[in-house]
Number of protein chains: 2
Amino acid sequence: MQKIVQKFGGTSVGTIDRIRNVCSLINKELKNGNQVAVVSSAMSGETNKLVSLAENFDINKNKLEFDMIVSTGEQISIALISMALKEIGLKGKPLLGWQIPITGSNDFTKAKINKIDGKLILELMNNGEIPIIAGFQGIDKDNNIVTLGRGGSDTSAVAIAAAIRADRCDIYTDVDGVYTTDPRIVKNAKKLDKISYEEMLEFASLGAKVLQTRSVEMAMRHRVTVQVLSSQTGKTGTFLTKEDEKMENELVSGIAYSKDEANITLINILDKPGVATKIFTPLSEANINVDMIVQTGSENGNKINFTYTVSRKDLEQTISIMEKNKIDIEFERIITNNSLAKVSIVGLGMRTHTGVANKMFSALASKNINIHVISTSEIKISVLIDEDSIEKALNSLHSTFELDQK
Amino acid sequence: MQKIVQKFGGTSVGTIDRIRNVCSLINKELKNGNQVAVVSSAMSGETNKLVSLAENFDINKNKLEFDMIVSTGEQISIALISMALKEIGLKGKPLLGWQIPITGSNDFTKAKINKIDGKLILELMNNGEIPIIAGFQGIDKDNNIVTLGRGGSDTSAVAIAAAIRADRCDIYTDVDGVYTTDPRIVKNAKKLDKISYEEMLEFASLGAKVLQTRSVEMAMRHRVTVQVLSSQTGKTGTFLTKEDEKMENELVSGIAYSKDEANITLINILDKPGVATKIFTPLSEANINVDMIVQTGSENGNKINFTYTVSRKDLEQTISIMEKNKIDIEFERIITNNSLAKVSIVGLGMRTHTGVANKMFSALASKNINIHVISTSEIKISVLIDEDSIEKALNSLHSTFELDQK
């Protein structure tokens with residue numbers, strides 16, 4: 001007998017029929033002889049409706065109230081799941097953050113989970129009942145409702161799995177697992193049977209929408225075995241596990257990409273200490289996230305060029321901030337490009353194998369794809385290319401690293 | 001400085017604009033130098049939407065879940081009120097049942113309030129903040145959310161007023177107070193400045209929709225001064241108070257009526273002990289509420305006739321239950337009438353003055369209005385008349401008892 005946490009996203013509980021489908025997935029696990037705790041998001045679309053209602057007022061001044069409003073979405077979905085379970089003869093118990101309790105930091109709209117008391121959840125499970133827990137919510141030390149921000153329900157599920165020492169945390173989504181790359185672009189993209197936390201973390205932060213970074217970090221920290229699978233098929237999906245021997249042979253596990261890239265180059269900056277701070281402090285104050293950063297010498301003696309990327313939506317504001325600080329930063333002119341895409345290869349094997357980068361660059365060069373910026377980490381190499389080369393690049397890299405052979 | 005509880009109903013908070021209007025009523029009370037605690041219903045229409053969603057399942061088997069769902073309506077409205085208060089520079093704090101806590105019996109969908117801890121509410125008020133409390137909800141001893149059923153928010157408000165020993169509980173509604181009778185039918189109906197709890201209780205149970213019986217009982221028991229007034233005008237409304245000397249002169253305070261009446265007469269029942277039980281037990285088992293009951297001798301020696309009234313919606317089922325029990329009850333035949341109305345006069349003065357009933361019957365007789373059934377209590381006389389005589393009856397009684405002189 002295993003203890004399983006099953007987490008269902010908004011589309012999985014988007015209608016009454018889908019809620020009934022979710023119940024059959026729960027029942028299947030019970031029939032396998034396992035104990036189940038359920039974590040649910042709000043019905044798809046509900047959270048957006050609640051946000052719209054709250055946006056009649058200034059959300060930044062009303063975060064406590066905002067959390068009180070948006071947390072009702074999960075309150076409704078867990079009660080409906082409990083009702084649907086009863087229809088098939090199962091006994092559920094819907095539980096809100098405060099009833100467990102799930103305690104978090106008092107950062108409204110983006111709280112971190114501090115502690116989950118697993119006692120009530122385990123009691124119910126041992127009693128043959130199914131705890132159905134509202135994702136995305138907790139309470140702070142003053143008994144205020146706090147929500148966990150984007151990807152919060154996945155994080156709730158993983159944290160609950162850790163708290164009750166579950167054998168597995170199944171995250172049901174729209175897709176049936178993690179793929180070597182986007183199957184809409186590369187036809188023979190393959191579903192991965194397993195992937196290491198570290199790799200998944202890179203994928204998540206590179207724009208793969210399957211799991212949020214936070215939930216992967218949580219899983220990695222507490223060594224929770226996570227499975228990503230489809231609520232439509234219920235078939236075995238992709239397992240997130242700690243790296244093992246087998247994995248060492250995998251040079252590259254997958255390829256991620258993001259079209260949301262714009263880059264800015266500041267030409268001919270006088271090279272003296274503190275230049276980077278002068279560039280990035282005003283951007284951070286404006287909450288603009290900077291991704292890839294490259295500094296190069298300039299053709300002009302003691303001057304340098306500075307290139308970095310931001311989200312496309314932030315490009316205009318970034319330019320105006322740079323112009324405003326032109327005298328302070330001491331650059332000559334700005335070049336920008338907002339038709340770029342980032343392609344990244346991710347693999348634990350890069351730690352121990354050399355030549356991966358070169359293999360990547362050669363593959364792209366052979367297809368006449370120009371690389372604008374390169375950035376690397378221990379298990380990842382990202383390159384910035386023209387957006388209209390994405391399809392060619394993904395297909396070329398996918399076969400170069402033999403991902404279609406998996 | 002007084003402590004005031006302000007309670008707003010669903011239409012008073014039905015839109016964002018109306019919520020802003022509510023805030024100006026709160027501000028007005030603060031500017032008068034008073035401390036305020038607010039109790040709110042869900043935005044009008046919201047509770048019905050939530051009920052519809054829950055009704056995808058069998059509510060009778062899912063009352064815990066039902067309460068979890070419908071209680072979200074107030075969770076949203078109190079947060080929105082808090083946001084709107086901030087816009088005008090006031091500091092509110094939305095509070096749910098469990099955060100106070102308000103503890104109730106564990107009768108889902110119709111819990112009774114057992115205890116309200118006034119500490120947090122008073123702390124906030126003394127700190128210059130405005131507690132904004134979700135009406136209609138509490139928790140049971142096992143930390144389940146329970147709702148209070150019909151009229152629950154009025155009851156919450158009165159109970160909170162009792163718990164914090166408020167000087168007044170203002171119930172804001174669509175009407176500007178309690179009237180001597182329905183102003184839509186009797187043109188010179190007058191708003192009452194005050195009314196005793198006992199009289200209001202009779203009015204409420206006779207179908208006047210201003211306040212629910214439960215909240216009036218609660219006010220009477222704890223001697224809470226309640227004011228019923230309009231959230232549109234905010235003008236002084238009608239006060240519910242304990243009876244005082246002045247009131248003794250009031251023969252009749254007002255006239256209530258209900259069109260929802262059907263009566264059943266069982267003809268020629270053999271008169272032996274236990275007849276009433278045989279009639280009413282099966283009705284009570286079917287949850288059919290019986291109102292006026294009259295037993296008369298029959299023209300036929302040792303037989304009697306039995307007349308009682310039910311809601312019109314229950315008439316058909318009542319007839320079928322009677323037919324099913326015909327042999328047991330031993331009646332000869334049934335006569336029914338579902339075009340009747342009940343008109344009632346209410347007044348504390350009836351306790352000490354004689355001749356009130358006669359005055360009522362004479363007034364109706366002079367207008368050729370036939371009385372089918374009469375029932376009386378200490379401070380009330382009700383008669384059943386033909387529905388199409390209502391307008392004539394109300395106008396006649398209103399002037400007979402000089403209610404237009406108030």
# chains A, B, ... in the order shown; residues from 1 in each chain; ligands from 1
>>> residues_around(residues="Ala365 (chain A)", least_positions_apart="5", cutoff="12 Å", atoms="only C-alpha atoms", output="PyMOL selection string")
chain A and resi 358-360+370-371+385+389+392-393+396-397
>>> closest_atom_pairs(of="chain B", to="chain A", cutoff="6 Å", atoms="only C-alpha atoms", output="tab-separated table")
residue	atom	partner	partner_atom	distance
B:Glu65	CA	A:Ala79	CA	4.8
B:Ile69	CA	A:Ile76	CA	5.0
B:Thr72	CA	A:Thr72	CA	5.8
B:Ile76	CA	A:Ile69	CA	5.0
B:Ala79	CA	A:Glu65	CA	4.8
>>> select_by_dssp(residues="region 87-141 of chain A", states="alpha helix (DSSP H)", output="list of chain:residue names")
A:Glu87, A:Lys119, A:Leu120, A:Ile121, A:Leu122, A:Glu123, A:Leu124, A:Met125, A:Asn126
>>> residues_around(residues="region 184-193 of chain B", least_positions_apart="6", cutoff="9 Å", atoms="only C-alpha atoms", output="MDAnalysis selection string")
chainID B and resid 176:178 236:240 253:254 390:391 394:395 398 403:406
>>> write_last_selection(atoms="N, CA and C atoms", output="PDB file, in the first residue's frame")
ATOM      1  N   ASP B 176     -37.507  51.439   3.884  1.00  0.00           N
ATOM      2  CA  ASP B 176     -36.987  52.384   4.870  1.00  0.00           C
ATOM      3  C   ASP B 176     -37.550  52.176   6.270  1.00  0.00           C
ATOM      4  N   GLY B 177     -38.159  51.011   6.502  1.00  0.00           N
ATOM      5  CA  GLY B 177     -38.620  50.712   7.847  1.00  0.00           C
ATOM      6  C   GLY B 177     -39.791  49.752   7.818  1.00  0.00           C
ATOM      7  N   VAL B 178     -40.423  49.605   8.976  1.00  0.00           N
ATOM      8  CA  VAL B 178     -41.597  48.738   9.095  1.00  0.00           C
ATOM      9  C   VAL B 178     -42.832  49.622   8.981  1.00  0.00           C
ATOM     10  N   THR B 236     -33.460  57.732   9.176  1.00  0.00           N
ATOM     11  CA  THR B 236     -33.947  57.014  10.352  1.00  0.00           C
ATOM     12  C   THR B 236     -35.087  56.075   9.965  1.00  0.00           C
ATOM     13  N   GLY B 237     -35.004  54.823  10.411  1.00  0.00           N
ATOM     14  CA  GLY B 237     -36.013  53.833  10.052  1.00  0.00           C
ATOM     15  C   GLY B 237     -36.915  53.492  11.225  1.00  0.00           C
ATOM     16  N   THR B 238     -37.153  52.229  11.429  1.00  0.00           N
ATOM     17  CA  THR B 238     -38.013  51.762  12.520  1.00  0.00           C
ATOM     18  C   THR B 238     -37.158  51.050  13.565  1.00  0.00           C
ATOM     19  N   PHE B 239     -37.375  51.414  14.847  1.00  0.00           N
ATOM     20  CA  PHE B 239     -36.624  50.788  15.933  1.00  0.00           C
ATOM     21  C   PHE B 239     -37.405  49.636  16.553  1.00  0.00           C
ATOM     22  N   LEU B 240     -36.735  48.539  16.754  1.00  0.00           N
ATOM     23  CA  LEU B 240     -37.291  47.428  17.521  1.00  0.00           C
ATOM     24  C   LEU B 240     -36.775  47.576  18.939  1.00  0.00           C
ATOM     25  N   SER B 253     -50.746  47.920  16.086  1.00  0.00           N
ATOM     26  CA  SER B 253     -49.547  48.552  15.509  1.00  0.00           C
ATOM     27  C   SER B 253     -49.523  48.446  13.998  1.00  0.00           C
ATOM     28  N   GLY B 254     -50.069  47.351  13.490  1.00  0.00           N
ATOM     29  CA  GLY B 254     -50.003  47.196  12.047  1.00  0.00           C
ATOM     30  C   GLY B 254     -50.827  46.020  11.575  1.00  0.00           C
ATOM     31  N   ILE B 390     -58.749  41.415  -0.427  1.00  0.00           N
ATOM     32  CA  ILE B 390     -57.616  41.918   0.366  1.00  0.00           C
ATOM     33  C   ILE B 390     -57.526  43.435   0.399  1.00  0.00           C
ATOM     34  N   GLU B 391     -57.597  44.061  -0.751  1.00  0.00           N
ATOM     35  CA  GLU B 391     -57.406  45.507  -0.812  1.00  0.00           C
ATOM     36  C   GLU B 391     -58.452  46.231   0.038  1.00  0.00           C
ATOM     37  N   LEU B 394     -57.722  45.515   3.865  1.00  0.00           N
ATOM     38  CA  LEU B 394     -56.585  46.248   4.439  1.00  0.00           C
ATOM     39  C   LEU B 394     -56.920  47.717   4.619  1.00  0.00           C
ATOM     40  N   ASN B 395     -57.540  48.319   3.602  1.00  0.00           N
ATOM     41  CA  ASN B 395     -57.879  49.746   3.699  1.00  0.00           C
ATOM     42  C   ASN B 395     -58.894  50.005   4.800  1.00  0.00           C
ATOM     43  N   HIS B 398     -57.174  49.498   8.201  1.00  0.00           N
ATOM     44  CA  HIS B 398     -56.180  50.555   8.425  1.00  0.00           C
ATOM     45  C   HIS B 398     -56.835  51.814   8.963  1.00  0.00           C
ATOM     46  N   LEU B 403     -54.672  53.807  11.897  1.00  0.00           N
ATOM     47  CA  LEU B 403     -53.225  53.695  11.667  1.00  0.00           C
ATOM     48  C   LEU B 403     -52.715  54.829  10.788  1.00  0.00           C
ATOM     49  N   ASP B 404     -53.603  55.454  10.026  1.00  0.00           N
ATOM     50  CA  ASP B 404     -53.181  56.585   9.195  1.00  0.00           C
ATOM     51  C   ASP B 404     -52.981  57.842  10.033  1.00  0.00           C
ATOM     52  N   GLN B 405     -53.325  57.787  11.323  1.00  0.00           N
ATOM     53  CA  GLN B 405     -53.165  58.953  12.198  1.00  0.00           C
ATOM     54  C   GLN B 405     -51.793  58.983  12.855  1.00  0.00           C
ATOM     55  N   LYS B 406     -51.012  57.913  12.703  1.00  0.00           N
ATOM     56  CA  LYS B 406     -49.733  57.808  13.432  1.00  0.00           C
ATOM     57  C   LYS B 406     -48.774  58.902  13.025  1.00  0.00           C
TER      58      LYS B 406
END
>>> atom_distance(atom1="CA of Cys169 (chain A)", atom2="CA of Val51 (chain A)")
28.6 Å
